[in-house]
Amino acid sequence: MKLFIFALFMSLVSGCFAQGSDDFEDTRRKNEGFARLPKGPFRNDLSTFTLSGIDEAVGKTELQKIPFRKFGDDYMEFQGDQVTAVVTIAPFDKTKHRLDYDDKYLIKIDRKTYYGDYGTVPKTIIRNITLTIAGDTVAIPPAAYNDLCDLHFTYSDKGAVRTRDAVYVSRDGHVLYLYLFSRDDTGSYEVTWIFQDGRYVRRVLDYGILSGS
């Protein structure tokens, strides 16, 4: 499995962001990326399933995985033992947001950077994330997801529909990781939300890991 992931990663890696031949301000940050994650249990766990952490995956045991139960164009649902997670997206209404441009390229939404098809007005945005553990709903601040645009739950691989999205459970059962990989030709990114003992801790976000992203 790890060899397959490594082969996929190596076939897709790109070292930089490109937008045609035009240069414009890129306000996206790397401070939430895997490389900035301190050494410890979170980093060790993320290295077993993220593309950004694949260099550190060798010799590590894979975590328990909760795959999706069902999905549609605007949602994906995961369900395991006492765990349910639902991610929903909605159309992006540009009339309800402040849009800041550098020349003709969009660089900020509501004065904040955003992720997705960077430089253009998004088509969709994450509307909500719901996580329930043993019947209790975990509070997730909107700031943890309201800058994530043009999310794709699936992608096509030689005509087959695939996804890397899943919920992972730490070996001691105290930590849940909700992982989404949005792959396309212009704005690919991966994000992991970390929950420990029923509380939201942080997210880990990497972009620019695929060609043309």
# chains A, B, ... in the order shown; residues from 1 in each chain; ligands from 1

call {"tool": "closest_atom_pairs", "arguments": {"of": "region 2-111 of chain A", "to": "region 117-141 of chain A", "cutoff": "7 Å", "atoms": "only C-alpha atoms", "output": "CSV"}}
result
residue,atom,partner,partner_atom,distance
A:Gln82,CA,A:Ala134,CA,4.7
A:Val83,CA,A:Ile133,CA,4.8
A:Thr84,CA,A:Thr132,CA,5.2
A:Ala85,CA,A:Leu131,CA,4.4
A:Val86,CA,A:Thr130,CA,5.2
A:Val87,CA,A:Ile129,CA,4.6
A:Thr88,CA,A:Asn128,CA,5.4
A:Ile89,CA,A:Ile126,CA,4.2
A:Ala90,CA,A:Thr124,CA,5.5
A:Pro91,CA,A:Thr124,CA,4.3
A:Phe92,CA,A:Thr124,CA,4.5
A:Tyr105,CA,A:Gly119,CA,4.6
A:Leu106,CA,A:Gly119,CA,4.4
A:Ile107,CA,A:Gly119,CA,5.7

call {"tool": "residues_around", "arguments": {"residues": "Asp45 (chain A)", "least_positions_apart": "3", "cutoff": "8 Å", "atoms": "only C-alpha atoms", "output": "list of chain:residue names"}}
result
A:Pro41, A:Phe42, A:Thr48, A:Phe49, A:Leu63, A:Ser170

call {"tool": "select_by_dssp", "arguments": {"residues": "chain A", "states": "strand (DSSP E)", "output": "MDAnalysis selection string"}}
result
chainID A and resid 64:66 68:72 75:80 83:91 99:102 105:109 124:133 136:138 155:157 160:162 166:169 175:182 189:196 199:207

call {"tool": "select_by_dssp", "arguments": {"residues": "region 22-145 of chain A", "states": "alpha helix (DSSP H)", "output": "PyMOL selection string"}}
result
chain A and resi 41-46

call {"tool": "write_last_selection", "arguments": {"atoms": "N, CA and C atoms", "output": "PDB file, in the first residue's frame"}}
result
ATOM      1  N   PRO A  41       3.543  12.616  18.239  1.00  0.00           N
ATOM      2  CA  PRO A  41       2.507  11.678  17.772  1.00  0.00           C
ATOM      3  C   PRO A  41       1.722  12.168  16.561  1.00  0.00           C
ATOM      4  N   PHE A  42       1.348  13.456  16.538  1.00  0.00           N
ATOM      5  CA  PHE A  42       0.574  13.961  15.396  1.00  0.00           C
ATOM      6  C   PHE A  42       1.363  13.808  14.099  1.00  0.00           C
ATOM      7  N   ARG A  43       2.608  14.234  14.129  1.00  0.00           N
ATOM      8  CA  ARG A  43       3.440  14.156  12.923  1.00  0.00           C
ATOM      9  C   ARG A  43       3.653  12.704  12.502  1.00  0.00           C
ATOM     10  N   ASN A  44       3.916  11.839  13.472  1.00  0.00           N
ATOM     11  CA  ASN A  44       4.117  10.421  13.151  1.00  0.00           C
ATOM     12  C   ASN A  44       2.878   9.835  12.488  1.00  0.00           C
ATOM     13  N   ASP A  45       1.708  10.160  13.022  1.00  0.00           N
ATOM     14  CA  ASP A  45       0.476   9.619  12.462  1.00  0.00           C
ATOM     15  C   ASP A  45       0.200  10.167  11.064  1.00  0.00           C
ATOM     16  N   LEU A  46       0.352  11.474  10.878  1.00  0.00           N
ATOM     17  CA  LEU A  46       0.064  12.071   9.573  1.00  0.00           C
ATOM     18  C   LEU A  46       0.982  11.538   8.487  1.00  0.00           C
TER      19      LEU A  46
END

call {"tool": "atom_distance", "arguments": {"atom1": "CA of Cys149 (chain A)", "atom2": "CA of Val191 (chain A)"}}
result
11.9 Å

call {"tool": "atom_distance", "arguments": {"atom1": "CA of Arg28 (chain A)", "atom2": "CA of Tyr207 (chain A)"}}
result
8.8 Å

call {"tool": "residues_around", "arguments": {"residues": "Gln64 (chain A)", "least_positions_apart": "4", "cutoff": "10 Å", "atoms": "only C-alpha atoms", "output": "VMD selection string"}}
result
chain A and resid 167 to 171 173 176

call {"tool": "write_last_selection", "arguments": {"atoms": "N, CA and C atoms", "output": "PDB file, in the first residue's frame"}}
result
ATOM      1  N   VAL A 167     -11.291   9.066   7.436  1.00  0.00           N
ATOM      2  CA  VAL A 167     -11.037   9.393   8.839  1.00  0.00           C
ATOM      3  C   VAL A 167     -10.085   8.332   9.371  1.00  0.00           C
ATOM      4  N   TYR A 168      -9.056   8.778  10.092  1.00  0.00           N
ATOM      5  CA  TYR A 168      -8.085   7.850  10.669  1.00  0.00           C
ATOM      6  C   TYR A 168      -8.118   7.944  12.187  1.00  0.00           C
ATOM      7  N   VAL A 169      -7.866   6.815  12.846  1.00  0.00           N
ATOM      8  CA  VAL A 169      -7.905   6.737  14.302  1.00  0.00           C
ATOM      9  C   VAL A 169      -6.510   6.403  14.815  1.00  0.00           C
ATOM     10  N   SER A 170      -6.026   7.165  15.794  1.00  0.00           N
ATOM     11  CA  SER A 170      -4.704   6.909  16.357  1.00  0.00           C
ATOM     12  C   SER A 170      -4.673   5.551  17.049  1.00  0.00           C
ATOM     13  N   ARG A 171      -3.487   5.046  17.282  1.00  0.00           N
ATOM     14  CA  ARG A 171      -3.346   3.710  17.854  1.00  0.00           C
ATOM     15  C   ARG A 171      -3.926   3.611  19.261  1.00  0.00           C
ATOM     16  N   GLY A 173      -6.491   5.416  20.220  1.00  0.00           N
ATOM     17  CA  GLY A 173      -7.906   5.733  20.121  1.00  0.00           C
ATOM     18  C   GLY A 173      -8.302   7.103  20.609  1.00  0.00           C
ATOM     19  N   LEU A 176      -8.544  11.521  16.421  1.00  0.00           N
ATOM     20  CA  LEU A 176      -9.143  11.288  15.116  1.00  0.00           C
ATOM     21  C   LEU A 176      -8.564  12.289  14.129  1.00  0.00           C
TER      22      LEU A 176
END

call {"tool": "residues_around", "arguments": {"residues": "region 157-163 of chain A", "least_positions_apart": "5", "cutoff": "12 Å", "atoms": "only C-alpha atoms", "output": "PyMOL selection string"}}
result
chain A and resi 8+67-68+70-71+76+152+179-184+190

call {"tool": "closest_residue", "arguments": {"among": "A:Asp172, A:Glu25, A:Asp55, A:Glu32", "to": "Trp193 (chain A)", "atoms": "only C-alpha atoms"}}
result
A:Glu32

call {"tool": "residues_around", "arguments": {"residues": "Lys112 (chain A)", "least_positions_apart": "3", "cutoff": "10 Å", "atoms": "only C-alpha atoms", "output": "PyMOL selection string"}}
result
chain A and resi 27-28+98-100+107-109+147

call {"tool": "atom_distance", "arguments": {"atom1": "CA of Lys30 (chain A)", "atom2": "CA of Phe78 (chain A)"}}
result
28.1 Å

call {"tool": "closest_residue", "arguments": {"among": "A:Asp73, A:Asp93, A:Asp26, A:Glu56", "to": "Leu151 (chain A)", "atoms": "only C-alpha atoms"}}
result
A:Asp73

call {"tool": "closest_residue", "arguments": {"among": "A:Gln79, A:Thr95, A:Ser47, A:Ser52", "to": "Gly33 (chain A)", "atoms": "only C-alpha atoms"}}
result
A:Ser52

call {"tool": "closest_residue", "arguments": {"among": "A:Phe24, A:Gly59, A:Leu178, A:Tyr200", "to": "Tyr101 (chain A)", "atoms": "only C-alpha atoms"}}
result
A:Phe24
